[in-house]
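One file, upload-v5.pdb, is given below (PDB, C-alpha atoms).
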```pdb
MODEL        1
ATOM      1  CA  MET A   1     110.637 108.509  96.501
ATOM      2  CA  PRO A   2     112.967 105.917  94.985
ATOM      3  CA  GLU A   3     116.190 107.481  93.727
ATOM      4  CA  ALA A   4     117.238 106.697  90.164
ATOM      5  CA  GLY A   5     120.594 104.916  90.094
ATOM      6  CA  CYS A   6     120.479 103.881  93.766
ATOM      7  CA  VAL A   7     121.118 100.145  94.113
ATOM      8  CA  PHE A   8     119.099  99.955  97.318
ATOM      9  CA  CYS A   9     116.108 101.688  95.705
ATOM     10  CA  ASN A  10     116.437  99.534  92.580
ATOM     11  CA  PRO A  11     117.861  96.203  93.732
ATOM     12  CA  THR A  12     118.661  93.590  91.113
ATOM     13  CA  ALA A  13     119.445  90.601  93.331
ATOM     14  CA  GLU A  14     119.175  90.520  97.101
ATOM     15  CA  SER A  15     119.153  87.663  99.557
ATOM     16  CA  ILE A  16     116.515  88.918 101.986
ATOM     17  CA  LEU A  17     116.563  87.214 105.404
ATOM     18  CA  TRP A  18     113.799  89.276 106.996
ATOM     19  CA  SER A  19     111.779  92.381 106.216
ATOM     20  CA  ASP A  20     108.983  94.570 107.448
ATOM     21  CA  ALA A  21     107.303  97.644 105.966
ATOM     22  CA  ARG A  22     110.243  99.923 106.822
ATOM     23  CA  CYS A  23     113.443  97.941 106.343
ATOM     24  CA  ARG A  24     114.972  94.679 105.212
ATOM     25  CA  VAL A  25     117.843  92.478 106.355
ATOM     26  CA  LEU A  26     120.106  91.171 103.611
ATOM     27  CA  HIS A  27     122.592  88.311 103.747
ATOM     28  CA  VAL A  28     125.751  89.520 102.027
ATOM     29  CA  THR A  29     126.987  86.449 100.213
ATOM     30  CA  ASP A  30     129.672  87.882  97.904
ATOM     31  CA  THR A  31     132.177  88.170 100.749
ATOM     32  CA  LYS A  32     134.502  85.975 102.753
ATOM     33  CA  PHE A  33     133.145  87.465 105.988
ATOM     34  CA  THR A  34     130.754  84.688 106.873
ATOM     35  CA  GLY A  35     127.427  85.844 108.220
ATOM     36  CA  PHE A  36     127.842  89.453 106.988
ATOM     37  CA  CYS A  37     124.377  91.050 107.077
ATOM     38  CA  ARG A  38     123.118  94.427 105.965
ATOM     39  CA  VAL A  39     120.082  96.280 107.319
ATOM     40  CA  VAL A  40     118.666  98.529 104.592
ATOM     41  CA  TRP A  41     116.097 101.244 105.232
ATOM     42  CA  ASN A  42     113.515 100.958 102.445
ATOM     43  CA  ALA A  43     112.881 104.666 101.872
ATOM     44  CA  HIS A  44     115.696 106.649 100.307
ATOM     45  CA  VAL A  45     117.280 108.663 103.098
ATOM     46  CA  THR A  46     120.969 109.471 103.288
ATOM     47  CA  GLU A  47     121.955 109.997 106.893
ATOM     48  CA  PHE A  48     120.943 108.259 110.119
ATOM     49  CA  THR A  49     119.781 111.611 111.497
ATOM     50  CA  ASP A  50     117.490 112.093 108.487
ATOM     51  CA  LEU A  51     115.215 109.632 110.315
ATOM     52  CA  ASP A  52     112.985 110.756 113.182
ATOM     53  CA  ASP A  53     113.468 109.318 116.683
ATOM     54  CA  ALA A  54     110.965 106.486 116.212
ATOM     55  CA  ALA A  55     112.430 105.393 112.884
ATOM     56  CA  ARG A  56     115.965 105.480 114.295
ATOM     57  CA  ALA A  57     114.876 103.375 117.255
ATOM     58  CA  HIS A  58     113.262 100.925 114.859
ATOM     59  CA  VAL A  59     116.269 100.461 112.614
ATOM     60  CA  MET A  60     118.573 100.069 115.622
ATOM     61  CA  SER A  61     116.244  97.451 117.116
ATOM     62  CA  VAL A  62     116.673  95.513 113.871
ATOM     63  CA  VAL A  63     120.459  96.023 113.866
ATOM     64  CA  CYS A  64     120.579  94.769 117.467
ATOM     65  CA  ALA A  65     118.420  91.753 116.704
ATOM     66  CA  VAL A  66     120.761  90.873 113.835
ATOM     67  CA  GLU A  67     123.816  91.341 116.058
ATOM     68  CA  LYS A  68     122.320  89.089 118.745
ATOM     69  CA  ALA A  69     121.399  86.415 116.198
ATOM     70  CA  LEU A  70     124.908  86.467 114.705
ATOM     71  CA  ARG A  71     126.548  86.273 118.122
ATOM     72  CA  ARG A  72     124.404  83.269 119.020
ATOM     73  CA  LEU A  73     124.782  81.461 115.687
ATOM     74  CA  LEU A  74     128.443  82.159 114.918
ATOM     75  CA  ALA A  75     130.099  83.153 118.234
ATOM     76  CA  PRO A  76     132.387  85.710 116.556
ATOM     77  CA  ASP A  77     135.322  87.295 118.384
ATOM     78  CA  LYS A  78     133.823  90.726 117.648
ATOM     79  CA  ILE A  79     130.884  92.328 115.895
ATOM     80  CA  ASN A  80     131.521  95.345 113.656
ATOM     81  CA  LEU A  81     128.701  97.822 113.027
ATOM     82  CA  ALA A  82     128.975 100.549 110.431
ATOM     83  CA  SER A  83     126.812 102.956 108.491
ATOM     84  CA  LEU A  84     129.080 104.599 105.910
ATOM     85  CA  GLY A  85     127.235 105.123 102.616
ATOM     86  CA  ASN A  86     129.952 107.062 100.825
ATOM     87  CA  GLN A  87     129.496 104.920  97.726
ATOM     88  CA  VAL A  88     125.761 104.307  98.078
ATOM     89  CA  PRO A  89     124.263 107.199 100.060
ATOM     90  CA  HIS A  90     121.127 105.306 101.052
ATOM     91  CA  LEU A  91     120.879 104.479 104.748
ATOM     92  CA  HIS A  92     122.127 100.972 105.494
ATOM     93  CA  TRP A  93     123.931  99.299 108.375
ATOM     94  CA  HIS A  94     126.632  96.681 108.023
ATOM     95  CA  VAL A  95     126.598  93.989 110.746
ATOM     96  CA  ILE A  96     129.795  91.974 110.366
ATOM     97  CA  PRO A  97     130.923  89.016 112.471
ATOM     98  CA  ARG A  98     134.710  89.147 112.872
ATOM     99  CA  PHE A  99     137.134  86.408 113.847
ATOM    100  CA  ARG A 100     140.749  86.690 114.986
ATOM    101  CA  ASP A 101     141.858  84.522 112.076
ATOM    102  CA  ASP A 102     139.878  86.317 109.364
ATOM    103  CA  SER A 103     141.778  88.035 106.558
ATOM    104  CA  HIS A 104     141.702  91.551 108.042
ATOM    105  CA  PHE A 105     141.548  91.170 111.836
ATOM    106  CA  PRO A 106     142.147  93.340 113.860
ATOM    107  CA  ASP A 107     141.689  95.946 111.139
ATOM    108  CA  ALA A 108     138.443  96.982 109.523
ATOM    109  CA  ILE A 109     137.296  94.882 106.575
ATOM    110  CA  TRP A 110     137.908  97.923 104.325
ATOM    111  CA  ALA A 111     141.631  97.989 105.164
ATOM    112  CA  ALA A 112     144.337  95.945 103.434
ATOM    113  CA  PRO A 113     144.249  92.249 104.388
ATOM    114  CA  HIS A 114     146.851  90.804 106.759
ATOM    115  CA  ARG A 115     146.575  87.192 105.588
ATOM    116  CA  ALA A 116     144.550  84.884 103.358
ATOM    117  CA  GLY A 117     142.324  84.328 106.361
ATOM    118  CA  ALA A 118     140.173  81.482 107.542
ATOM    119  CA  VAL A 119     136.729  81.346 105.988
ATOM    120  CA  ARG A 120     134.049  79.740 108.089
ATOM    121  CA  SER A 121     130.985  77.932 106.837
ATOM    122  CA  ALA A 122     127.694  79.309 108.033
ATOM    123  CA  PRO A 123     125.307  76.717 109.453
ATOM    124  CA  ARG A 124     123.322  75.154 106.598
ATOM    125  CA  ASP A 125     120.096  76.551 107.998
ATOM    126  CA  PHE A 126     121.654  79.997 108.647
ATOM    127  CA  ALA A 127     119.023  81.982 106.733
ATOM    128  CA  GLN A 128     116.134  80.195 108.415
ATOM    129  CA  ARG A 129     117.646  80.606 111.873
ATOM    130  CA  VAL A 130     118.307  84.320 111.406
ATOM    131  CA  LYS A 131     114.763  84.775 110.154
ATOM    132  CA  GLU A 132     113.337  82.945 113.179
ATOM    133  CA  ALA A 133     115.522  84.941 115.573
ATOM    134  CA  LEU A 134     114.408  88.231 114.024
ATOM    135  CA  ASP A 135     110.751  87.197 113.959
ATOM    136  CA  THR A 136     110.956  86.412 117.668
ATOM    137  CA  ALA A 137     112.966  89.481 118.663
ATOM    138  CA  LEU A 138     110.968  91.956 116.608
ATOM    139  CA  ARG A 139     107.469  90.550 116.955
ATOM    140  CA  SER A 140     106.332  93.324 119.265
ATOM    141  CA  ARG A 141     107.979  96.259 117.460
TER
ATOM    142  CA  MET B   1     135.029  97.216 136.419
ATOM    143  CA  PRO B   2     137.844  98.998 134.563
ATOM    144  CA  GLU B   3     139.829  96.594 132.405
ATOM    145  CA  ALA B   4     143.614  96.583 132.790
ATOM    146  CA  GLY B   5     145.305  97.539 129.536
ATOM    147  CA  CYS B   6     142.189  99.116 127.990
ATOM    148  CA  VAL B   7     142.939 102.631 126.739
ATOM    149  CA  PHE B   8     139.326 103.718 127.217
ATOM    150  CA  CYS B   9     139.292 102.470 130.825
ATOM    151  CA  ASN B  10     142.707 104.027 131.484
ATOM    152  CA  PRO B  11     142.947 107.098 129.255
ATOM    153  CA  THR B  12     146.178 109.062 129.227
ATOM    154  CA  ALA B  13     145.131 112.097 127.172
ATOM    155  CA  GLU B  14     141.646 112.768 125.870
ATOM    156  CA  SER B  15     140.060 115.896 124.462
ATOM    157  CA  ILE B  16     136.610 115.621 126.036
ATOM    158  CA  LEU B  17     133.928 117.730 124.336
ATOM    159  CA  TRP B  18     131.010 116.594 126.480
ATOM    160  CA  SER B  19     130.271 113.939 129.074
ATOM    161  CA  ASP B  20     127.631 112.614 131.413
ATOM    162  CA  ALA B  21     127.660 109.823 133.966
ATOM    163  CA  ARG B  22     127.494 107.103 131.313
ATOM    164  CA  CYS B  23     129.539 108.211 128.326
ATOM    165  CA  ARG B  24     131.852 110.858 126.947
ATOM    166  CA  VAL B  25     132.379 112.511 123.570
ATOM    167  CA  LEU B  26     135.987 112.888 122.457
ATOM    168  CA  HIS B  27     137.423 115.104 119.759
ATOM    169  CA  VAL B  28     139.878 112.979 117.776
ATOM    170  CA  THR B  29     142.659 115.416 116.965
ATOM    171  CA  ASP B  30     145.436 113.092 115.697
ATOM    172  CA  THR B  31     143.731 112.678 112.331
ATOM    173  CA  LYS B  32     143.274 114.576 109.107
ATOM    174  CA  PHE B  33     139.527 113.914 109.215
ATOM    175  CA  THR B  34     138.441 117.256 110.600
ATOM    176  CA  GLY B  35     135.721 117.056 113.215
ATOM    177  CA  PHE B  36     136.203 113.328 113.868
ATOM    178  CA  CYS B  37     134.486 112.544 117.181
ATOM    179  CA  ARG B  38     134.259 109.417 119.273
ATOM    180  CA  VAL B  39     131.512 108.495 121.710
ATOM    181  CA  VAL B  40     132.942 106.240 124.418
ATOM    182  CA  TRP B  41     130.808 104.273 126.879
ATOM    183  CA  ASN B  42     132.415 104.727 130.291
ATOM    184  CA  ALA B  43     131.876 101.206 131.632
ATOM    185  CA  HIS B  44     133.895  98.454 130.024
ATOM    186  CA  VAL B  45     131.524  96.556 127.762
ATOM    187  CA  THR B  46     132.551  94.997 124.486
ATOM    188  CA  GLU B  47     129.544  94.798 122.198
ATOM    189  CA  PHE B  48     126.641  97.163 121.536
ATOM    190  CA  THR B  49     124.226  94.379 122.521
ATOM    191  CA  ASP B  50     125.981  93.991 125.877
ATOM    192  CA  LEU B  51     124.038  97.134 126.823
ATOM    193  CA  ASP B  52     120.387  96.961 127.816
ATOM    194  CA  ASP B  53     117.709  98.749 125.748
ATOM    195  CA  ALA B  54     117.822 101.971 127.779
ATOM    196  CA  ALA B  55     121.609 102.211 127.657
ATOM    197  CA  ARG B  56     121.642 101.543 123.903
ATOM    198  CA  ALA B  57     119.034 104.250 123.382
ATOM    199  CA  HIS B  58     121.131 106.626 125.456
ATOM    200  CA  VAL B  59     124.382 106.075 123.589
ATOM    201  CA  MET B  60     122.614 106.387 120.236
ATOM    202  CA  SER B  61     120.992 109.642 121.339
ATOM    203  CA  VAL B  62     124.502 110.945 122.003
ATOM    204  CA  VAL B  63     125.796 109.614 118.667
ATOM    205  CA  CYS B  64     122.876 111.314 116.898
ATOM    206  CA  ALA B  65     123.423 114.596 118.717
ATOM    207  CA  VAL B  66     127.087 114.505 117.652
ATOM    208  CA  GLU B  67     126.114 113.691 114.052
ATOM    209  CA  LYS B  68     123.637 116.585 113.990
ATOM    210  CA  ALA B  69     126.174 119.013 115.460
ATOM    211  CA  LEU B  70     128.822 117.961 112.919
ATOM    212  CA  ARG B  71     126.397 118.279 110.018
ATOM    213  CA  ARG B  72     125.457 121.777 111.140
ATOM    214  CA  LEU B  73     129.001 122.967 111.907
ATOM    215  CA  LEU B  74     130.904 121.371 109.017
ATOM    216  CA  ALA B  75     128.300 120.525 106.313
ATOM    217  CA  PRO B  76     130.103 117.320 105.311
ATOM    218  CA  ASP B  77     129.201 115.394 102.158
ATOM    219  CA  LYS B  78     128.553 112.310 104.303
ATOM    220  CA  ILE B  79     128.676 111.162 107.889
ATOM    221  CA  ASN B  80     130.258 107.792 108.681
ATOM    222  CA  LEU B  81     129.244 105.932 111.838
ATOM    223  CA  ALA B  82     131.063 102.857 113.056
ATOM    224  CA  SER B  83     131.476 100.727 116.147
ATOM    225  CA  LEU B  84     134.284  98.285 115.396
ATOM    226  CA  GLY B  85     136.427  97.705 118.481
ATOM    227  CA  ASN B  86     138.651  94.985 117.043
ATOM    228  CA  GLN B  87     141.749  96.695 118.415
ATOM    229  CA  VAL B  88     140.177  98.159 121.548
ATOM    230  CA  PRO B  89     137.207  95.977 122.503
ATOM    231  CA  HIS B  90     135.544  98.644 124.653
ATOM    232  CA  LEU B  91     132.296 100.046 123.239
ATOM    233  CA  HIS B  92     132.870 103.255 121.299
ATOM    234  CA  TRP B  93     131.313 104.886 118.256
ATOM    235  CA  HIS B  94     133.216 106.772 115.576
ATOM    236  CA  VAL B  95     131.349 109.756 114.109
ATOM    237  CA  ILE B  96     133.317 110.937 111.086
ATOM    238  CA  PRO B  97     132.508 113.857 108.781
ATOM    239  CA  ARG B  98     133.516 112.960 105.230
ATOM    240  CA  PHE B  99     134.162 115.195 102.234
ATOM    241  CA  ARG B 100     134.426 114.295  98.567
ATOM    242  CA  ASP B 101     137.947 115.707  98.449
ATOM    243  CA  ASP B 102     139.237 114.034 101.605
ATOM    244  CA  SER B 103     142.101 111.535 101.280
ATOM    245  CA  HIS B 104     139.964 108.372 101.260
ATOM    246  CA  PHE B 105     136.571 109.329  99.802
ATOM    247  CA  PRO B 106     134.497 107.413  98.742
ATOM    248  CA  ASP B 107     136.197 104.604 100.638
ATOM    249  CA  ALA B 108     136.206 104.068 104.369
ATOM    250  CA  ILE B 109     138.896 105.916 106.310
ATOM    251  CA  TRP B 110     140.485 102.542 107.114
ATOM    252  CA  ALA B 111     141.108 101.763 103.432
ATOM    253  CA  ALA B 112     144.129 102.887 101.405
ATOM    254  CA  PRO B 113     144.046 106.608 100.557
ATOM    255  CA  HIS B 114     143.203 107.780  97.024
ATOM    256  CA  ARG B 115     144.963 111.141  97.233
ATOM    257  CA  ALA B 116     146.719 113.493  99.638
ATOM    258  CA  GLY B 117     143.321 114.963 100.323
ATOM    259  CA  ALA B 118     142.064 118.354 101.373
ATOM    260  CA  VAL B 119     142.231 119.023 105.098
ATOM    261  CA  ARG B 120     139.701 121.479 106.430
ATOM    262  CA  SER B 121     140.095 123.706 109.437
ATOM    263  CA  ALA B 122     137.479 123.279 112.099
ATOM    264  CA  PRO B 123     135.871 126.515 113.298
ATOM    265  CA  ARG B 124     138.057 128.039 116.031
ATOM    266  CA  ASP B 125     135.265 127.608 118.548
ATOM    267  CA  PHE B 126     134.497 124.041 117.378
ATOM    268  CA  ALA B 127     134.812 122.435 120.821
ATOM    269  CA  GLN B 128     132.605 125.028 122.472
ATOM    270  CA  ARG B 129     129.954 124.808 119.776
ATOM    271  CA  VAL B 130     129.817 121.018 119.895
ATOM    272  CA  LYS B 131     129.518 121.182 123.681
ATOM    273  CA  GLU B 132     126.671 123.690 123.459
ATOM    274  CA  ALA B 133     124.870 121.639 120.806
ATOM    275  CA  LEU B 134     125.130 118.495 122.921
ATOM    276  CA  ASP B 135     124.060 120.299 126.090
ATOM    277  CA  THR B 136     120.969 121.546 124.286
ATOM    278  CA  ALA B 137     120.132 118.291 122.510
ATOM    279  CA  LEU B 138     120.711 116.043 125.507
ATOM    280  CA  ARG B 139     119.406 118.221 128.330
ATOM    281  CA  SER B 140     116.280 116.133 128.795
ATOM    282  CA  ARG B 141     117.869 112.680 128.488
TER
ENDMDL
END
```
Could you write out this structure as structure tokens?
Amino acid sequence: MPEAGCVFCNPTAESILWSDARCRVLHVTDTKFTGFCRVVWNAHVTEFTDLDDAARAHVMSVVCAVEKALRRLLAPDKINLASLGNQVPHLHWHVIPRFRDDSHFPDAIWAAPHRAGAVRSAPRDFAQRVKEALDTALRSR
Amino acid sequence: MPEAGCVFCNPTAESILWSDARCRVLHVTDTKFTGFCRVVWNAHVTEFTDLDDAARAHVMSVVCAVEKALRRLLAPDKINLASLGNQVPHLHWHVIPRFRDDSHFPDAIWAAPHRAGAVRSAPRDFAQRVKEALDTALRSR
């Protein structure tokens, strides 16, 4: 059941890179962390362990496919994965490419910044290439 | 191969709640986030996708068993999961029980605090109960 007031149940504007019947991959564009993606479970569940084993395996296969695509396309110094949901308690995973010269490195992106930080450009065909990578990686799931 | 200078390859003091041949669950005690646990992969790998499918499934089964144990023992308002590793690039997962009246809620624990924050006591037999829950949940893995 969609939850009233939940932005992931009632999205207004989303840049969807890939989706299937159970989840969708969003490109987070209102950020200076280039390539930031979010994997959102479509049904309204709060915690990772609210999913059964098969659903958890599915969402992590999508998270991993996103991580692999970002590593290949952007060659970040580190990938950060997080499922917090304190503000929006609807299961979603952040997949964040991090670079040594970004504003917050080596701290989490939620900490205070250390510097203005370099901002990279994503490849012009970033969305298409992520979509193709996910289609290929997840074809058999 | 253990990595020189890596605190997870060369631990000095760890409060180990549970372990198997591949990973260990630590109780993070130098924090005011009661029940904070960390799942550390024993071998030195950097990214989640450096593991193969079976190893990823294994570490997530441990993360989930920890999350379930913490939900049952502490009834937090939210669980936060994160694998960052910017400071220590050795695969580990944070499993953090969060409460509405903790110092940082609803922000991430790496953000600036909002208040002094309530600090809960863990049950006196917390370590034993987590160990038993993990033994039971992970017996067949």
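Pairwise distance (atom CA of Arg124 of chain A, atom CA of Thr29 of chain A) equals 13.5 Å.
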Item to complete: Give as a count of residues only every residue of chain A that touches chain B within 9 Å, counting only C-alpha atoms.
Response: 35
Just fit chain A onto chain B on all the Cα atoms, in order, by least squares, and give it as a compact mmCIF listing (two decimals) with C-alpha atoms, in the frame of the given file.
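The result, written out as result09.txt:
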```txt
# COMPACT_ATOMS: atom_id res chain seq x y z
CA MET A 1 135.02 97.22 136.42
CA PRO A 2 137.83 98.99 134.56
CA GLU A 3 139.82 96.58 132.40
CA ALA A 4 143.60 96.59 132.80
CA GLY A 5 145.31 97.55 129.54
CA CYS A 6 142.18 99.11 128.00
CA VAL A 7 142.94 102.62 126.74
CA PHE A 8 139.34 103.72 127.22
CA CYS A 9 139.29 102.47 130.83
CA ASN A 10 142.71 104.02 131.49
CA PRO A 11 142.94 107.09 129.26
CA THR A 12 146.18 109.05 129.22
CA ALA A 13 145.13 112.08 127.18
CA GLU A 14 141.65 112.77 125.87
CA SER A 15 140.06 115.88 124.47
CA ILE A 16 136.61 115.61 126.04
CA LEU A 17 133.93 117.74 124.35
CA TRP A 18 131.01 116.60 126.49
CA SER A 19 130.27 113.94 129.08
CA ASP A 20 127.63 112.62 131.42
CA ALA A 21 127.66 109.81 133.98
CA ARG A 22 127.48 107.09 131.31
CA CYS A 23 129.54 108.22 128.34
CA ARG A 24 131.85 110.87 126.95
CA VAL A 25 132.38 112.52 123.57
CA LEU A 26 135.99 112.88 122.47
CA HIS A 27 137.43 115.11 119.75
CA VAL A 28 139.88 112.99 117.79
CA THR A 29 142.66 115.42 116.97
CA ASP A 30 145.42 113.10 115.70
CA THR A 31 143.73 112.69 112.32
CA LYS A 32 143.28 114.58 109.09
CA PHE A 33 139.53 113.91 109.21
CA THR A 34 138.45 117.25 110.60
CA GLY A 35 135.74 117.07 113.21
CA PHE A 36 136.21 113.31 113.87
CA CYS A 37 134.48 112.55 117.18
CA ARG A 38 134.27 109.42 119.26
CA VAL A 39 131.51 108.50 121.71
CA VAL A 40 132.94 106.25 124.43
CA TRP A 41 130.80 104.29 126.88
CA ASN A 42 132.41 104.73 130.30
CA ALA A 43 131.87 101.21 131.65
CA HIS A 44 133.89 98.45 130.04
CA VAL A 45 131.52 96.56 127.76
CA THR A 46 132.55 95.00 124.48
CA GLU A 47 129.55 94.79 122.19
CA PHE A 48 126.65 97.16 121.54
CA THR A 49 124.23 94.39 122.51
CA ASP A 50 125.99 93.99 125.87
CA LEU A 51 124.03 97.14 126.82
CA ASP A 52 120.37 96.96 127.82
CA ASP A 53 117.71 98.75 125.74
CA ALA A 54 117.83 101.97 127.78
CA ALA A 55 121.62 102.21 127.66
CA ARG A 56 121.65 101.55 123.91
CA ALA A 57 119.04 104.25 123.38
CA HIS A 58 121.14 106.62 125.46
CA VAL A 59 124.39 106.08 123.60
CA MET A 60 122.62 106.39 120.23
CA SER A 61 120.99 109.64 121.34
CA VAL A 62 124.50 110.94 122.00
CA VAL A 63 125.80 109.61 118.66
CA CYS A 64 122.88 111.32 116.90
CA ALA A 65 123.43 114.60 118.72
CA VAL A 66 127.08 114.51 117.66
CA GLU A 67 126.12 113.70 114.06
CA LYS A 68 123.64 116.60 113.99
CA ALA A 69 126.18 119.01 115.47
CA LEU A 70 128.82 117.97 112.92
CA ARG A 71 126.40 118.29 110.02
CA ARG A 72 125.45 121.79 111.15
CA LEU A 73 129.00 122.96 111.91
CA LEU A 74 130.90 121.37 109.02
CA ALA A 75 128.31 120.53 106.32
CA PRO A 76 130.11 117.31 105.32
CA ASP A 77 129.21 115.40 102.16
CA LYS A 78 128.55 112.31 104.31
CA ILE A 79 128.68 111.16 107.90
CA ASN A 80 130.27 107.79 108.68
CA LEU A 81 129.23 105.93 111.84
CA ALA A 82 131.07 102.86 113.05
CA SER A 83 131.48 100.74 116.14
CA LEU A 84 134.29 98.28 115.39
CA GLY A 85 136.45 97.70 118.47
CA ASN A 86 138.65 94.97 117.04
CA GLN A 87 141.75 96.69 118.41
CA VAL A 88 140.17 98.16 121.54
CA PRO A 89 137.19 95.99 122.50
CA HIS A 90 135.54 98.65 124.64
CA LEU A 91 132.30 100.04 123.24
CA HIS A 92 132.87 103.26 121.30
CA TRP A 93 131.32 104.89 118.25
CA HIS A 94 133.22 106.76 115.58
CA VAL A 95 131.35 109.76 114.11
CA ILE A 96 133.33 110.94 111.09
CA PRO A 97 132.51 113.85 108.79
CA ARG A 98 133.53 112.94 105.23
CA PHE A 99 134.17 115.19 102.25
CA ARG A 100 134.43 114.28 98.57
CA ASP A 101 137.94 115.71 98.44
CA ASP A 102 139.25 114.02 101.59
CA SER A 103 142.11 111.53 101.28
CA HIS A 104 139.96 108.38 101.25
CA PHE A 105 136.57 109.33 99.78
CA PRO A 106 134.49 107.40 98.73
CA ASP A 107 136.19 104.59 100.64
CA ALA A 108 136.21 104.08 104.37
CA ILE A 109 138.90 105.93 106.30
CA TRP A 110 140.49 102.53 107.11
CA ALA A 111 141.10 101.77 103.43
CA ALA A 112 144.12 102.89 101.40
CA PRO A 113 144.05 106.61 100.55
CA HIS A 114 143.20 107.77 97.03
CA ARG A 115 144.95 111.14 97.23
CA ALA A 116 146.72 113.49 99.63
CA GLY A 117 143.31 114.96 100.33
CA ALA A 118 142.07 118.35 101.37
CA VAL A 119 142.22 119.02 105.09
CA ARG A 120 139.68 121.47 106.41
CA SER A 121 140.07 123.71 109.42
CA ALA A 122 137.46 123.28 112.10
CA PRO A 123 135.86 126.52 113.29
CA ARG A 124 138.04 128.05 116.02
CA ASP A 125 135.27 127.62 118.56
CA PHE A 126 134.50 124.04 117.39
CA ALA A 127 134.81 122.43 120.83
CA GLN A 128 132.61 125.04 122.49
CA ARG A 129 129.97 124.81 119.77
CA VAL A 130 129.81 121.02 119.91
CA LYS A 131 129.52 121.18 123.68
CA GLU A 132 126.66 123.70 123.46
CA ALA A 133 124.88 121.64 120.80
CA LEU A 134 125.13 118.49 122.92
CA ASP A 135 124.06 120.29 126.09
CA THR A 136 120.96 121.54 124.28
CA ALA A 137 120.14 118.28 122.51
CA LEU A 138 120.70 116.04 125.50
CA ARG A 139 119.39 118.22 128.31
CA SER A 140 116.27 116.13 128.80
CA ARG A 141 117.86 112.67 128.48
```
Practice prompt. Have a look at A:Asn42, A:Thr34, A:Ser103, A:Thr136 and name the one nearest to Ala122 of chain A; count all atoms listed in the file.
Written response: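 Result for the nearest residue to Ala122 of chain A: A:Thr34.
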Discussion item. Applying 12 Å and all atoms listed in the file, which residues near Ser140 of chain B remain after dropping the ones on its own chain fewer than 6 positions away? List them as a PyMOL selection string.
Written reply: chain B and resi 58+61-62+134
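Interatomic distance, atom CA of Ala54 of chain B to atom CA of Ala54 of chain A: 14.2 Å.
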Discussion item. Which residue is closest to Val119 of chain B? Choose from B:Glu132, B:Val25, B:His44, B:Asp102 and count all atoms listed in the file.
Written reply: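 Closest candidate: B:Asp102.
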Run through the PyMOL selection byres ((chain B and resi 128) around 12) on the given coordinates and return the selected residues as a PDB file with C-alpha atoms, in the coordinates of the input.
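Listing of selection32.pdb after writing:
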```pdb
ATOM      1  CA  SER B  15     140.060 115.896 124.462  1.00  0.00           C
ATOM      2  CA  ILE B  16     136.610 115.621 126.036  1.00  0.00           C
ATOM      3  CA  LEU B  17     133.928 117.730 124.336  1.00  0.00           C
ATOM      4  CA  TRP B  18     131.010 116.594 126.480  1.00  0.00           C
ATOM      5  CA  HIS B  27     137.423 115.104 119.759  1.00  0.00           C
ATOM      6  CA  ALA B  69     126.174 119.013 115.460  1.00  0.00           C
ATOM      7  CA  LEU B  73     129.001 122.967 111.907  1.00  0.00           C
ATOM      8  CA  ALA B 122     137.479 123.279 112.099  1.00  0.00           C
ATOM      9  CA  PRO B 123     135.871 126.515 113.298  1.00  0.00           C
ATOM     10  CA  ARG B 124     138.057 128.039 116.031  1.00  0.00           C
ATOM     11  CA  ASP B 125     135.265 127.608 118.548  1.00  0.00           C
ATOM     12  CA  PHE B 126     134.497 124.041 117.378  1.00  0.00           C
ATOM     13  CA  ALA B 127     134.812 122.435 120.821  1.00  0.00           C
ATOM     14  CA  ARG B 129     129.954 124.808 119.776  1.00  0.00           C
ATOM     15  CA  VAL B 130     129.817 121.018 119.895  1.00  0.00           C
ATOM     16  CA  LYS B 131     129.518 121.182 123.681  1.00  0.00           C
ATOM     17  CA  GLU B 132     126.671 123.690 123.459  1.00  0.00           C
ATOM     18  CA  ALA B 133     124.870 121.639 120.806  1.00  0.00           C
ATOM     19  CA  LEU B 134     125.130 118.495 122.921  1.00  0.00           C
ATOM     20  CA  ASP B 135     124.060 120.299 126.090  1.00  0.00           C
TER      21      ASP B 135
END
```
For segment 60-69 of chain A, what centre and edge lengths in Å (one decimal) does the axis-aligned box get once 8 Å is added on each side of all its listed atoms, as JSON?
```
{"center_x": 120.0, "center_y": 93.2, "center_z": 116.3, "size_x": 23.6, "size_y": 29.7, "size_z": 20.9}
```
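Atom to atom, atom CA of Asp52 of chain A and atom CA of Ala13 of chain A stand 29.0 Å apart.
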Item to complete: Could you give me, as a VMD selection string, the residues within 8 Å of Val28 of chain B, counting only C-alpha atoms and dropping anything in the same chain fewer than 4 positions from it?
Response: chain B and resid 15 35 to 38
Practice prompt. For Phe8 of chain A, work out the shell of residues within 9 Å, counting only C-alpha atoms and skipping chain neighbours fewer than 3 positions away, then give it as a list in words.
Written response: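 My reading of the contact set: Pro2, Glu3, Gly5, Pro11, Thr12, Val40, Trp41, Asn42, His44, Val88, His90, Leu91 and His92 of chain A.
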